[in-house]
Amino acid sequence: MVVDRVAVDGAAGAASTLATFTGSDVASIARMKDGRLAVAFQGYPPNDKQRFDRAAVRFSSDEGRTWTAAEPIVVDNLDAGLAPPFDPTLVALPDGRIRLYFISYMKSDALPTATAVYSAVSADGVRYAFEPGARFTVDGRIVLDASAALHDGVFHLIVPDNGTASEFLERRERGEPVPGGNGYHAVSTDGLVFERAADLPISPANNRWWGNLLSDGAQLLFFGTGPGPWPLASTDGLHWAAPAKPLAIAGVDPSAIKLRDGAWLLLSTKEPSGAAPAADRTKKE
């Protein structure tokens, strides 16, 4: 995974790589109350079986130029039957805490096809308190790669349509990528109880709602995977428009945040990390 700083206009050649995180993917970034940047991601440290394929976090106090070593995320009081959190997504809350949205499933499932979005909250970005219950799921469909943002008092969740359980598993066995197109959308006033809204079609068909959702205060922005153009913009999460000046995104599953000087910080996976693909994170523990 690479960390790029991109100039405000996104002009060609304006990006500079600030850092590279090996053995890392599916990142999400947020600014903490003290001004630091926090990046949560799925980590695959070599020769560390205990932390392999587990959610972790890094911090930056200088706008992404340098980063702390990876620390494993701890979720206290997680339901005993749930698999360890994966696909982490961070949302900064008005009270200064950080909410972690993540994917899990019941470990007792013969095949863990009933995946769902769960959540936990933290004051330090490392240790989280589990919030009981599932935030979002779709019966008969695979829920993975959720993104979330708080905009104008409303929490928004966007999840790419990964198909039915059988479609998902068959594609995984054939080594085929998940197709683009449709996405799920849900909204909440408290970040806990979500109501499903209308699905979100996206074009061209090889674009995916697989990436990062954020609010810049005036609108929601989505940085996704595919040819773009990105980021898409919306004031309500229902109607999305392409940008007049798209940003070039080098990799897949990007995450983004606006820096204090107006530039963008973009994190994306450019090369396979050698770790199991996202599909394999639903294998029974």
# chains A, B, ... in the order shown; residues from 1 in each chain; ligands from 1
$ select_by_dssp --residues "region 33-282 of chain A" --states "strand (DSSP E or B)" --output "ChimeraX atom specification"
/A:37-43,54-60,71-72,74-76,82,86-92,98-104,106,116-122,127-136,141,147-151,154-160,164,183-188,195-196,200,208-215,220-225,230,232-234,241,247,252-258,264-269
$ residues_around --residues "region 158-166 of chain A" --least-positions-apart "3" --cutoff "7 Å" --atoms "only C-alpha atoms" --output "count of residues only"
21
$ residues_around --residues "region 134-139 of chain A" --least-positions-apart "3" --cutoff "7 Å" --atoms "only C-alpha atoms" --output "CSV table (one decimal) with N, CA and C atoms, in the first residue's frame"
chain,number,residue,atom,x,y,z
A,115,THR,N,-22.1,-12.4,6.3
A,115,THR,CA,-21.3,-11.3,6.8
A,115,THR,C,-22.1,-10.0,7.1
A,116,ALA,N,-21.6,-9.2,8.0
A,116,ALA,CA,-22.3,-8.0,8.3
A,116,ALA,C,-21.3,-6.9,8.8
A,117,VAL,N,-21.8,-5.7,8.8
A,117,VAL,CA,-21.1,-4.5,9.3
A,117,VAL,C,-21.3,-4.4,10.8
A,118,TYR,N,-20.3,-4.3,11.6
A,118,TYR,CA,-20.4,-4.1,13.1
A,118,TYR,C,-19.6,-2.8,13.4
A,143,VAL,N,-21.6,-9.2,2.3
A,143,VAL,CA,-21.3,-7.8,2.7
A,143,VAL,C,-19.9,-7.7,3.1
A,192,LEU,N,-25.6,3.9,14.6
A,192,LEU,CA,-25.8,2.6,15.1
A,192,LEU,C,-27.0,1.9,14.4
A,193,VAL,N,-28.1,2.5,14.3
A,193,VAL,CA,-29.3,2.0,13.7
A,193,VAL,C,-29.4,2.5,12.3
A,194,PHE,N,-29.1,1.7,11.3
A,194,PHE,CA,-29.1,2.1,9.9
A,194,PHE,C,-30.4,1.6,9.2
$ residues_around --residues "region 52-68 of chain A" --least-positions-apart "6" --cutoff "9 Å" --atoms "only C-alpha atoms" --output "ChimeraX atom specification"
/A:3-5,18-19,35-46,74,84-88,125-126,259-260,265,275-276,281
$ closest_residue --among "A:Ala30, A:Met106, A:Ala69, A:Leu238" --to "Asp216 (chain A)" --atoms "only C-alpha atoms"
A:Ala30
$ closest_residue --among "A:Lys245, A:Arg171, A:Lys258, A:Arg99" --to "Gly217 (chain A)" --atoms "only C-alpha atoms"
A:Lys258
$ atom_distance --atom1 "CA of Val121 (chain A)" --atom2 "CA of Asp79 (chain A)"
14.8 Å
$ closest_residue --among "A:Val187, A:Leu267, A:Ile98, A:Met32" --to "Ala250 (chain A)" --atoms "only C-alpha atoms"
A:Leu267
$ atom_distance --atom1 "CA of Asp76 (chain A)" --atom2 "CA of Lys107 (chain A)"
17.4 Å
$ decode --residues "region 96-161 of chain A" --atoms "C-alpha atoms" --output "PDB file, in the first residue's frame"
ATOM      1  CA  GLY A  96     -13.581  13.507  19.574  1.00  0.00           C
ATOM      2  CA  ARG A  97     -13.812   9.723  19.575  1.00  0.00           C
ATOM      3  CA  ILE A  98     -13.281   7.447  16.586  1.00  0.00           C
ATOM      4  CA  ARG A  99     -15.843   4.913  15.439  1.00  0.00           C
ATOM      5  CA  LEU A 100     -14.577   1.775  13.765  1.00  0.00           C
ATOM      6  CA  TYR A 101     -16.901   0.035  11.339  1.00  0.00           C
ATOM      7  CA  PHE A 102     -15.749  -3.446  10.383  1.00  0.00           C
ATOM      8  CA  ILE A 103     -16.883  -6.719   8.849  1.00  0.00           C
ATOM      9  CA  SER A 104     -17.349  -9.955  10.771  1.00  0.00           C
ATOM     10  CA  TYR A 105     -19.416 -13.141  10.818  1.00  0.00           C
ATOM     11  CA  MET A 106     -20.323 -15.962  13.182  1.00  0.00           C
ATOM     12  CA  LYS A 107     -17.406 -18.374  13.459  1.00  0.00           C
ATOM     13  CA  SER A 108     -19.846 -21.263  13.911  1.00  0.00           C
ATOM     14  CA  ASP A 109     -21.096 -20.930  10.320  1.00  0.00           C
ATOM     15  CA  ALA A 110     -20.159 -23.937   8.190  1.00  0.00           C
ATOM     16  CA  LEU A 111     -19.516 -21.379   5.424  1.00  0.00           C
ATOM     17  CA  PRO A 112     -19.358 -17.797   6.700  1.00  0.00           C
ATOM     18  CA  THR A 113     -21.661 -16.268   4.121  1.00  0.00           C
ATOM     19  CA  ALA A 114     -23.726 -14.157   6.573  1.00  0.00           C
ATOM     20  CA  THR A 115     -21.261 -11.282   6.790  1.00  0.00           C
ATOM     21  CA  ALA A 116     -22.323  -7.972   8.329  1.00  0.00           C
ATOM     22  CA  VAL A 117     -21.063  -4.529   9.320  1.00  0.00           C
ATOM     23  CA  TYR A 118     -20.380  -4.083  13.053  1.00  0.00           C
ATOM     24  CA  SER A 119     -18.913  -1.173  15.022  1.00  0.00           C
ATOM     25  CA  ALA A 120     -16.843  -0.123  18.026  1.00  0.00           C
ATOM     26  CA  VAL A 121     -15.699   3.218  19.477  1.00  0.00           C
ATOM     27  CA  SER A 122     -12.366   4.456  20.790  1.00  0.00           C
ATOM     28  CA  ALA A 123     -10.731   7.480  22.374  1.00  0.00           C
ATOM     29  CA  ASP A 124      -7.202   6.602  21.241  1.00  0.00           C
ATOM     30  CA  GLY A 125      -7.710   4.843  17.892  1.00  0.00           C
ATOM     31  CA  VAL A 126      -6.142   1.611  19.130  1.00  0.00           C
ATOM     32  CA  ARG A 127      -8.412   0.112  21.785  1.00  0.00           C
ATOM     33  CA  TYR A 128     -12.120   0.041  20.972  1.00  0.00           C
ATOM     34  CA  ALA A 129     -15.297  -0.809  22.877  1.00  0.00           C
ATOM     35  CA  PHE A 130     -17.625  -3.088  20.919  1.00  0.00           C
ATOM     36  CA  GLU A 131     -21.109  -1.737  20.218  1.00  0.00           C
ATOM     37  CA  PRO A 132     -23.481  -4.747  20.371  1.00  0.00           C
ATOM     38  CA  GLY A 133     -25.488  -5.751  17.337  1.00  0.00           C
ATOM     39  CA  ALA A 134     -24.983  -5.558  13.605  1.00  0.00           C
ATOM     40  CA  ARG A 135     -25.112  -2.212  11.843  1.00  0.00           C
ATOM     41  CA  PHE A 136     -25.923  -3.469   8.335  1.00  0.00           C
ATOM     42  CA  THR A 137     -26.350  -6.685   6.373  1.00  0.00           C
ATOM     43  CA  VAL A 138     -28.252  -7.909   3.316  1.00  0.00           C
ATOM     44  CA  ASP A 139     -29.913 -11.317   3.485  1.00  0.00           C
ATOM     45  CA  GLY A 140     -28.436 -13.755   1.002  1.00  0.00           C
ATOM     46  CA  ARG A 141     -25.708 -11.347  -0.145  1.00  0.00           C
ATOM     47  CA  ILE A 142     -22.047 -11.017   0.778  1.00  0.00           C
ATOM     48  CA  VAL A 143     -21.339  -7.792   2.672  1.00  0.00           C
ATOM     49  CA  LEU A 144     -17.665  -6.716   2.474  1.00  0.00           C
ATOM     50  CA  ASP A 145     -15.601  -3.571   1.898  1.00  0.00           C
ATOM     51  CA  ALA A 146     -17.961  -1.098   3.559  1.00  0.00           C
ATOM     52  CA  SER A 147     -17.125   2.605   3.655  1.00  0.00           C
ATOM     53  CA  ALA A 148     -18.690   5.180   5.976  1.00  0.00           C
ATOM     54  CA  ALA A 149     -18.869   8.921   6.602  1.00  0.00           C
ATOM     55  CA  LEU A 150     -20.711  11.432   8.770  1.00  0.00           C
ATOM     56  CA  HIS A 151     -22.176  14.294   6.745  1.00  0.00           C
ATOM     57  CA  ASP A 152     -24.549  17.032   7.883  1.00  0.00           C
ATOM     58  CA  GLY A 153     -25.611  15.005  10.927  1.00  0.00           C
ATOM     59  CA  VAL A 154     -26.249  11.785   8.989  1.00  0.00           C
ATOM     60  CA  PHE A 155     -24.068   8.685   8.897  1.00  0.00           C
ATOM     61  CA  HIS A 156     -23.813   7.078   5.455  1.00  0.00           C
ATOM     62  CA  LEU A 157     -22.724   3.516   4.713  1.00  0.00           C
ATOM     63  CA  ILE A 158     -21.886   2.401   1.179  1.00  0.00           C
ATOM     64  CA  VAL A 159     -21.165  -1.259   0.417  1.00  0.00           C
ATOM     65  CA  PRO A 160     -20.350  -2.670  -3.030  1.00  0.00           C
ATOM     66  CA  ASP A 161     -22.694  -5.374  -4.271  1.00  0.00           C
TER      67      ASP A 161
END
